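A.B. asks: Supplied structure: input12.txt, compact mmCIF, C-alpha atoms.
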```txt
# COMPACT_ATOMS: atom_id res chain seq x y z
CA MET A 1 27.78 9.34 2.66
CA ASN A 2 25.56 7.46 0.25
CA LEU A 3 22.06 8.66 0.97
CA THR A 4 20.23 6.33 -1.39
CA PRO A 5 20.05 3.21 0.81
CA MET A 6 19.18 5.38 3.80
CA ILE A 7 16.26 6.85 1.95
CA ASP A 8 15.26 3.37 0.79
CA MET A 9 15.18 2.13 4.34
CA THR A 10 13.31 5.18 5.56
CA PHE A 11 10.61 4.61 2.96
CA LEU A 12 10.39 0.97 3.97
CA LEU A 13 9.92 2.02 7.58
CA ILE A 14 7.24 4.52 6.63
CA VAL A 15 5.35 1.83 4.68
CA PHE A 16 5.70 -0.55 7.61
CA PHE A 17 4.30 1.99 10.09
CA ILE A 18 1.42 2.91 7.81
CA LEU A 19 0.43 -0.75 7.44
CA THR A 20 0.70 -1.59 11.12
CA SER A 21 -1.14 1.53 12.25
CA GLN A 22 -4.08 0.66 9.97
CA ILE A 23 -4.21 -2.86 11.34
CA SER A 24 -4.18 -1.65 14.92
CA ASN A 25 -6.95 0.83 14.13
CA VAL A 26 -9.07 -1.97 12.77
CA GLU A 27 -8.39 -4.28 15.70
CA MET A 28 -8.80 -1.67 18.39
CA ALA A 29 -11.47 0.97 18.08
CA GLU A 30 -10.42 3.86 20.26
CA GLU A 31 -13.99 5.01 20.83
CA ILE A 32 -14.59 1.94 22.97
CA GLU A 33 -13.95 2.22 26.67
CA LEU A 34 -13.63 -1.35 27.84
CA PRO A 35 -14.99 -2.59 31.18
CA GLU A 36 -12.37 -2.85 33.89
CA PRO A 37 -13.56 -5.45 36.42
CA LYS A 38 -12.06 -5.46 39.88
CA HIS A 39 -10.09 -8.58 40.87
CA SER A 40 -10.23 -9.73 37.28
CA VAL A 41 -9.65 -13.40 36.52
CA ALA A 42 -9.58 -12.83 32.78
CA ALA A 43 -6.94 -14.50 30.67
CA GLU A 44 -4.34 -13.14 28.30
CA PRO A 45 -5.74 -12.92 24.78
CA ASP A 46 -4.63 -15.49 22.27
CA GLU A 47 -3.61 -13.69 19.08
CA GLU A 48 -3.88 -16.68 16.76
CA HIS A 49 -7.04 -17.24 14.70
CA ARG A 50 -8.48 -14.10 16.25
CA VAL A 51 -11.42 -12.21 14.77
CA VAL A 52 -12.35 -9.01 16.58
CA ILE A 53 -15.80 -7.44 16.54
CA ASN A 54 -15.78 -3.85 17.75
CA LEU A 55 -19.15 -2.55 18.89
CA ILE A 56 -18.79 1.16 18.21
CA PRO A 57 -20.89 3.17 20.68
CA ASP A 58 -23.15 6.02 19.71
CA LEU A 59 -21.26 9.18 20.63
CA LEU A 60 -24.38 10.89 21.97
CA ASP A 61 -25.69 7.92 23.92
CA LYS A 62 -23.06 5.37 24.79
CA ARG A 63 -25.67 2.87 25.90
CA ARG A 64 -26.49 2.37 22.23
CA VAL A 65 -24.30 0.62 19.69
CA ALA A 66 -24.04 2.75 16.54
CA SER A 67 -22.25 0.21 14.36
CA MET A 68 -20.25 -3.00 14.38
CA ARG A 69 -16.79 -3.28 12.88
CA LEU A 70 -15.28 -6.55 11.78
CA GLY A 71 -11.84 -6.09 10.24
CA PHE A 72 -12.16 -3.35 7.62
CA ARG A 73 -15.91 -3.81 7.28
CA THR A 74 -18.49 -1.78 9.18
CA PHE A 75 -22.07 -2.92 9.72
CA ASN A 76 -25.03 -0.88 10.86
CA ALA A 77 -26.47 -1.81 14.22
CA ASP A 78 -29.85 -2.78 12.78
CA ALA A 79 -31.41 -6.08 11.74
CA ALA A 80 -29.87 -5.98 8.26
CA GLY A 81 -26.45 -5.12 9.66
CA ARG A 82 -26.63 -7.92 12.19
CA ALA A 83 -27.65 -10.39 9.47
CA ALA A 84 -24.72 -9.28 7.33
CA LEU A 85 -22.37 -9.59 10.30
CA ARG A 86 -23.70 -13.08 11.00
CA ALA A 87 -23.06 -14.08 7.39
CA GLU A 88 -19.56 -12.66 7.58
CA LEU A 89 -18.85 -14.60 10.78
CA LEU A 90 -20.16 -17.81 9.22
CA ALA A 91 -17.85 -17.26 6.26
CA ALA A 92 -14.93 -16.63 8.62
CA VAL A 93 -15.60 -19.90 10.44
CA GLN A 94 -15.88 -21.76 7.15
CA ARG A 95 -12.52 -20.35 6.06
CA ASP A 96 -10.84 -21.25 9.34
CA ALA A 97 -12.42 -23.77 11.70
CA GLU A 98 -10.09 -22.67 14.51
CA VAL A 99 -11.31 -19.10 14.46
CA LYS A 100 -12.30 -17.49 17.74
CA ILE A 101 -14.29 -14.33 18.08
CA ASP A 102 -13.36 -11.51 20.44
CA ILE A 103 -16.10 -9.05 21.27
CA ARG A 104 -15.12 -5.54 22.35
CA ALA A 105 -18.00 -3.53 23.76
CA ASP A 106 -18.10 -0.24 25.62
CA ARG A 107 -18.59 -0.42 29.37
CA GLN A 108 -21.66 1.82 29.10
CA ALA A 109 -23.36 -0.29 26.42
CA SER A 110 -26.71 -1.80 27.33
CA TYR A 111 -26.86 -5.56 27.54
CA SER A 112 -29.73 -5.60 25.04
CA GLU A 113 -27.38 -4.01 22.48
CA VAL A 114 -24.55 -6.48 23.07
CA TYR A 115 -26.57 -9.67 23.41
CA PRO A 116 -27.58 -9.99 19.70
CA ILE A 117 -23.90 -9.85 18.76
CA LEU A 118 -23.07 -12.49 21.37
CA ASN A 119 -25.82 -14.59 19.91
CA ALA A 120 -24.56 -14.12 16.36
CA ALA A 121 -21.03 -15.01 17.40
CA SER A 122 -22.25 -18.13 19.20
CA ALA A 123 -24.42 -19.16 16.27
CA SER A 124 -21.51 -18.86 13.84
CA GLY A 125 -20.01 -22.08 15.18
CA ALA A 126 -16.77 -20.41 16.23
CA ARG A 127 -14.50 -22.42 18.47
CA ARG A 128 -14.59 -19.76 21.16
CA VAL A 129 -16.26 -16.48 21.93
CA ASP A 130 -14.25 -14.17 24.16
CA LEU A 131 -15.30 -10.98 25.87
CA VAL A 132 -12.56 -8.37 25.92
CA VAL A 133 -11.94 -6.24 29.01
CA ALA A 134 -9.23 -3.81 30.01
CA ALA A 135 -6.28 -5.50 31.65
CA SER A 136 -6.23 -5.28 35.40
CA LEU A 137 -3.26 -3.96 37.31
CA PRO A 138 -0.50 -6.47 38.08
CA GLY A 139 -1.41 -8.59 41.07
CA GLY A 140 -5.08 -7.72 40.76
CA GLY A 141 -6.27 -11.32 40.95
CA ALA A 142 -5.89 -14.88 39.81
CA ARG A 143 -5.90 -15.79 36.14
CA LEU A 144 -7.80 -18.38 34.20
CA ASN A 145 -5.92 -21.35 32.92
CA GLU A 146 -6.01 -22.58 29.34
CA GLU A 147 -9.29 -24.46 29.79
CA GLY A 148 -10.98 -21.35 31.07
CA GLY A 149 -11.10 -22.52 34.66
CA PRO A 150 -9.61 -20.35 37.37
CA MET B 1 53.89 11.90 -23.80
CA THR B 2 52.10 8.67 -24.04
CA LEU B 3 49.91 7.33 -21.32
CA LEU B 4 52.29 4.42 -20.71
CA ALA B 5 55.20 6.69 -20.10
CA ARG B 6 53.14 8.77 -17.72
CA ALA B 7 52.23 5.71 -15.71
CA ARG B 8 55.86 4.68 -15.33
CA ARG B 9 56.92 7.93 -13.81
CA THR B 10 57.09 8.12 -10.10
CA PRO B 11 54.77 10.85 -8.90
CA ASP B 12 57.33 12.30 -6.48
CA SER B 13 59.95 12.92 -9.10
CA ALA B 14 57.65 13.82 -11.88
CA ALA B 15 56.90 17.35 -12.75
CA PRO B 16 53.62 18.20 -14.29
CA GLU B 17 53.71 19.00 -17.90
CA ASN B 18 51.07 21.61 -17.77
CA GLY B 19 52.74 23.56 -14.98
CA GLY B 20 50.43 22.27 -12.26
CA ALA B 21 51.41 20.03 -9.36
CA TYR B 22 50.76 16.32 -9.06
CA HIS B 23 48.93 15.20 -5.98
CA ARG B 24 51.25 13.51 -3.58
CA PRO B 25 50.16 10.03 -2.67
CA LEU B 26 49.07 9.46 0.88
CA SER B 27 51.73 8.22 3.18
CA ARG B 28 51.36 4.81 4.82
CA ARG B 29 50.12 6.42 8.03
CA HIS B 30 47.48 8.47 6.25
CA ARG B 31 46.32 5.53 4.15
CA SER B 32 45.76 3.31 7.17
CA GLU B 33 43.71 6.03 8.86
CA SER B 34 41.47 6.36 5.85
CA ASP B 35 41.03 2.56 5.70
CA LEU B 36 39.85 2.51 9.31
CA ARG B 37 37.13 5.08 8.78
CA LEU B 38 33.67 3.59 9.46
CA ASN B 39 31.15 3.36 6.68
CA LEU B 40 28.08 4.92 8.23
CA VAL B 41 25.68 3.96 5.48
CA SER B 42 25.99 0.24 5.99
CA MET B 43 25.84 0.71 9.76
CA ILE B 44 22.60 2.65 9.48
CA ASP B 45 21.21 0.03 7.12
CA VAL B 46 21.90 -2.66 9.65
CA VAL B 47 20.47 -0.58 12.49
CA PHE B 48 17.25 -0.05 10.55
CA LEU B 49 17.06 -3.75 9.75
CA LEU B 50 17.49 -4.61 13.42
CA PHE B 51 14.88 -2.02 14.33
CA MET B 52 12.39 -3.57 11.92
CA TYR B 53 13.21 -7.03 13.19
CA PHE B 54 12.48 -6.03 16.78
CA LEU B 55 9.30 -4.24 15.78
CA LEU B 56 8.04 -7.32 13.99
CA THR B 57 8.99 -9.80 16.65
CA ALA B 58 8.02 -7.73 19.68
CA ASN B 59 4.87 -8.78 21.47
CA PHE B 60 2.83 -5.61 21.72
CA THR B 61 0.77 -5.71 24.87
CA LEU B 62 -2.65 -4.31 24.15
CA GLY B 63 -3.57 -3.91 27.79
CA GLU B 64 -6.50 -6.23 27.25
CA GLU B 65 -7.71 -9.50 28.69
CA VAL B 66 -10.49 -11.86 27.71
CA TYR B 67 -13.20 -13.95 29.34
CA LEU B 68 -14.15 -17.20 27.72
CA ILE B 69 -17.88 -17.73 27.67
CA ASP B 70 -19.92 -20.82 27.01
CA VAL B 71 -20.91 -21.33 23.42
CA PRO B 72 -24.03 -23.53 23.35
CA GLN B 73 -23.34 -24.94 19.86
CA THR B 74 -19.97 -26.30 20.93
CA ARG B 75 -21.53 -28.03 23.88
CA ALA B 76 -24.29 -29.62 21.86
CA ALA B 77 -21.70 -31.34 19.70
CA GLY B 78 -20.34 -33.24 22.70
CA PHE B 79 -21.43 -36.57 24.14
CA ASP B 80 -24.55 -36.41 26.25
CA ASP B 81 -24.84 -38.87 29.09
CA PRO B 82 -28.42 -40.29 28.98
CA PHE B 83 -28.28 -41.08 32.71
CA GLU B 84 -27.11 -37.64 33.71
CA LEU B 85 -29.65 -35.82 35.84
CA PRO B 86 -30.52 -32.36 34.58
CA GLU B 87 -28.89 -29.78 36.81
CA ARG B 88 -30.93 -26.82 37.77
CA PRO B 89 -28.96 -23.72 36.94
CA LEU B 90 -28.26 -21.12 39.55
CA THR B 91 -29.68 -17.87 38.23
CA ILE B 92 -28.20 -14.48 39.02
CA ARG B 93 -30.29 -11.49 38.07
CA ILE B 94 -28.65 -8.11 37.67
CA ALA B 95 -29.95 -4.66 36.79
CA THR B 96 -28.29 -1.27 36.56
CA ILE B 97 -30.02 1.17 38.88
CA GLY B 98 -27.89 4.30 38.59
CA PRO B 99 -25.04 6.00 36.80
CA GLY B 100 -22.29 4.88 39.19
CA ALA B 101 -20.11 1.83 38.72
CA ALA B 102 -21.55 0.33 41.92
CA ASP B 103 -25.18 1.17 41.12
CA CYS B 104 -26.37 -2.32 40.36
CA SER B 105 -29.00 -4.57 41.84
CA ILE B 106 -27.75 -8.15 42.20
CA ARG B 107 -29.98 -11.03 43.21
CA ILE B 108 -29.28 -14.74 43.40
CA ASP B 109 -32.38 -16.83 42.73
CA LEU B 110 -32.20 -18.87 45.90
CA PRO B 111 -35.03 -19.01 48.43
CA GLY B 112 -34.33 -17.04 51.57
CA LEU B 113 -31.32 -15.25 50.14
CA ALA B 114 -31.31 -11.47 50.40
CA PRO B 115 -30.03 -9.41 47.46
CA THR B 116 -26.28 -8.97 47.42
CA PRO B 117 -25.25 -5.32 47.61
CA THR B 118 -21.96 -5.57 45.72
CA PHE B 119 -20.17 -7.86 43.31
CA GLU B 120 -17.65 -8.61 46.04
CA ASP B 121 -20.54 -9.96 48.15
CA LEU B 122 -21.78 -11.95 45.18
CA PHE B 123 -18.34 -13.53 44.86
CA ARG B 124 -18.23 -14.37 48.58
CA ARG B 125 -21.71 -15.93 48.56
CA LEU B 126 -20.96 -17.98 45.48
CA GLU B 127 -17.71 -19.12 47.00
CA ASP B 128 -19.41 -20.01 50.30
CA HIS B 129 -21.96 -22.14 48.43
CA ARG B 130 -19.43 -24.02 46.32
CA VAL B 131 -18.63 -27.60 47.27
CA ARG B 132 -14.92 -27.90 47.95
CA PRO B 133 -12.66 -29.91 50.26
CA GLY B 134 -12.94 -27.40 53.10
CA ASN B 135 -16.66 -26.86 52.58
CA PRO B 136 -18.53 -30.19 52.24
CA THR B 137 -21.86 -28.58 53.05
CA GLY B 138 -21.73 -26.35 50.00
CA LEU B 139 -24.75 -26.35 47.72
CA PHE B 140 -23.22 -26.23 44.27
CA MET B 141 -20.53 -28.16 42.48
CA PRO B 142 -17.97 -26.08 40.56
CA ASP B 143 -19.47 -27.27 37.26
CA ASN B 144 -23.01 -26.38 38.33
CA PRO B 145 -24.44 -24.18 35.56
CA ILE B 146 -24.79 -20.54 36.42
CA HIS B 147 -27.03 -18.32 34.35
CA ILE B 148 -26.48 -14.59 34.47
CA VAL B 149 -29.67 -12.79 33.49
CA PRO B 150 -29.17 -9.05 33.08
CA THR B 151 -32.08 -6.79 32.27
CA ALA B 152 -32.13 -5.15 28.84
CA GLY B 153 -30.78 -1.87 30.22
CA THR B 154 -28.00 -3.37 32.34
CA ARG B 155 -24.68 -1.79 31.56
CA TRP B 156 -22.05 -4.04 30.01
CA GLU B 157 -19.60 -3.31 32.84
CA HIS B 158 -22.07 -4.74 35.38
CA THR B 159 -22.60 -7.85 33.27
CA ILE B 160 -18.85 -8.32 33.10
CA GLU B 161 -18.51 -7.79 36.87
CA ALA B 162 -21.11 -10.50 37.51
CA LEU B 163 -19.34 -12.86 35.10
CA ASN B 164 -16.04 -12.11 36.81
CA ALA B 165 -17.50 -12.82 40.26
CA CYS B 166 -18.73 -16.25 39.10
CA LEU B 167 -15.43 -17.20 37.48
CA ARG B 168 -13.50 -15.85 40.45
CA ALA B 169 -15.55 -18.12 42.70
CA GLN B 170 -14.26 -20.96 40.50
CA TYR B 171 -17.47 -21.94 38.76
CA THR B 172 -16.71 -23.31 35.34
CA SER B 173 -20.05 -23.27 33.53
CA VAL B 174 -21.24 -19.68 33.40
CA ARG B 175 -23.56 -18.43 30.69
CA LEU B 176 -25.04 -15.12 29.71
CA ILE B 177 -28.77 -15.43 29.08
CA GLU B 178 -31.14 -13.40 26.96
CA PRO B 179 -31.94 -10.05 28.56
CA ALA B 180 -34.87 -10.02 30.91
CA ALA B 181 -37.60 -7.46 30.47
CA GLY B 182 -37.22 -4.22 32.39
CA GLY B 183 -34.29 -2.07 33.38
```
Would you kindly transcribe this structure into structure tokens?
C.D. replies:
Amino acid sequence: MNLTPMIDMTFLLIVFFILTSQISNVEMAEEIELPEPKHSVAAEPDEEHRVVINLIPDLLDKRRVASMRLGFRTFNADAAGRAALRAELLAAVQRDAEVKIDIRADRQASYSEVYPILNAASASGARRVDLVVAASLPGGGARLNEEGGP
Amino acid sequence: MTLLARARRTPDSAAPENGGAYHRPLSRRHRSESDLRLNLVSMIDVVFLLFMYFLLTANFTLGEEVYLIDVPQTRAAGFDDPFELPERPLTIRIATIGPGAADCSIRIDLPGLAPTPTFEDLFRRLEDHRVRPGNPTGLFMPDNPIHIVPTAGTRWEHTIEALNACLRAQYTSVRLIEPAAGG
């Protein structure tokens, strides 16, 4: 048996898994426990033109947001960090006018910690701002249509 | 002996010059068996390629859903009807009052309306007040603006529950407003 192409393919697979696992880590912060509303009417996420902001909770006090993560970049949850995040979002919208922003926040986070990020996302001029929640169980409720109406 | 002469000799009849034995050629039966043997390397290559193809094309379900919220800037860019009467938004005030998922105070800013104990009640009240074919005496059109006003300390899960109740009651213009003082 010729082992060379097998080893080639195995290395390719390893590279593929390394790349995809990094991407998923960036898109989905595992520290965040998403809200899980009952009888949810939330829609399936649209993967195209998607920019995800992860609001990483403080491990000691989950009501507080410790940092914000946008792609590979992390911003402090202070005024300077929020300003930098706002600039980054503006740049993202300038690069792609169809961009939509998904906000992932922990269920325990205080509204006062999330609202400035909502505001920044809205002010960026993005086409849409979506709030991410955990998917409900099948048959848990009606779903929104494309226009956002139930 | 030259190489040419060696090639002309039939292997069966030829005797080795150096005292060793020539290898007998495979018979027809043996040759066909060896031809039919599968080449595992190319098979594994193809299997890996297929595996990668399915990985790339598969739609990985994240177990997540999204709510669309109103973005004021997008609205402002639209056409404003100068004859349109300003609609008074229906305000829903929420505040977290305990550690439990149900520990939330919910109040609709309508005169004579008692606070709603749960988000399920909020949904029912909103649905009861929505104008629809079976309910002509409803107070609010489906596109009537609804403002959700959580206090600063309201947990995100309660804010989302309130948003969900409004959308579930089929209101289409729901906004999250700046946090109110307290909580």
A.B. asks: Using all atoms listed in the file, find which residues of chain B lie within 6 Å of chain A and jot them down as a list in words.
C.D. replies: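 So the residues of chain B near chain A are Gly63, Glu64, Glu65, Val66, Tyr67, Leu68, Val71, Ala152, Gly153, Thr154, Arg155, Trp156, Glu157, Glu161, Gln170 and Thr172 of chain B.
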A.B. asks: What is the atom CA of Leu113 of chain B to atom CA of Thr137 of chain B distance in Å?
C.D. replies: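 Between these atoms lies a distance of 16.6 Å.
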A.B. asks: Rounded to one decimal in Å, what is the spacing between atom CA of His147 of chain B and atom CA of Arg69 of chain A?
C.D. replies: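 Computed distance, atom CA of His147 of chain B to atom CA of Arg69 of chain A, equals 28.1 Å.
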A.B. asks: Dump as a JSON list (two decimals) with C-alpha atoms, keeping the file's coordinate frame all residues having an atom at most 12 Å from (-24.2, -24.1, 38.8), computed in the file's coordinates with only C-alpha atoms.
C.D. replies:
```json
[["chain", "number", "residue", "atom", "x", "y", "z"],
["B", 86, "PRO", "CA", -30.52, -32.36, 34.58],
["B", 87, "GLU", "CA", -28.89, -29.78, 36.81],
["B", 88, "ARG", "CA", -30.93, -26.82, 37.77],
["B", 89, "PRO", "CA", -28.96, -23.72, 36.94],
["B", 90, "LEU", "CA", -28.26, -21.12, 39.55],
["B", 91, "THR", "CA", -29.68, -17.87, 38.23],
["B", 92, "ILE", "CA", -28.20, -14.48, 39.02],
["B", 108, "ILE", "CA", -29.28, -14.74, 43.40],
["B", 109, "ASP", "CA", -32.38, -16.83, 42.73],
["B", 110, "LEU", "CA", -32.20, -18.87, 45.90],
["B", 126, "LEU", "CA", -20.96, -17.98, 45.48],
["B", 127, "GLU", "CA", -17.71, -19.12, 47.00],
["B", 129, "HIS", "CA", -21.96, -22.14, 48.43],
["B", 130, "ARG", "CA", -19.43, -24.02, 46.32],
["B", 131, "VAL", "CA", -18.63, -27.60, 47.27],
["B", 138, "GLY", "CA", -21.73, -26.35, 50.00],
["B", 139, "LEU", "CA", -24.75, -26.35, 47.72],
["B", 140, "PHE", "CA", -23.22, -26.23, 44.27],
["B", 141, "MET", "CA", -20.53, -28.16, 42.48],
["B", 142, "PRO", "CA", -17.97, -26.08, 40.56],
["B", 143, "ASP", "CA", -19.47, -27.27, 37.26],
["B", 144, "ASN", "CA", -23.01, -26.38, 38.33],
["B", 145, "PRO", "CA", -24.44, -24.18, 35.56],
["B", 146, "ILE", "CA", -24.79, -20.54, 36.42],
["B", 147, "HIS", "CA", -27.03, -18.32, 34.35],
["B", 148, "ILE", "CA", -26.48, -14.59, 34.47],
["B", 166, "CYS", "CA", -18.73, -16.25, 39.10],
["B", 167, "LEU", "CA", -15.43, -17.20, 37.48],
["B", 169, "ALA", "CA", -15.55, -18.12, 42.70],
["B", 170, "GLN", "CA", -14.26, -20.96, 40.50],
["B", 171, "TYR", "CA", -17.47, -21.94, 38.76],
["B", 172, "THR", "CA", -16.71, -23.31, 35.34],
["B", 173, "SER", "CA", -20.05, -23.27, 33.53],
["B", 174, "VAL", "CA", -21.24, -19.68, 33.40],
["B", 175, "ARG", "CA", -23.56, -18.43, 30.69]]
```
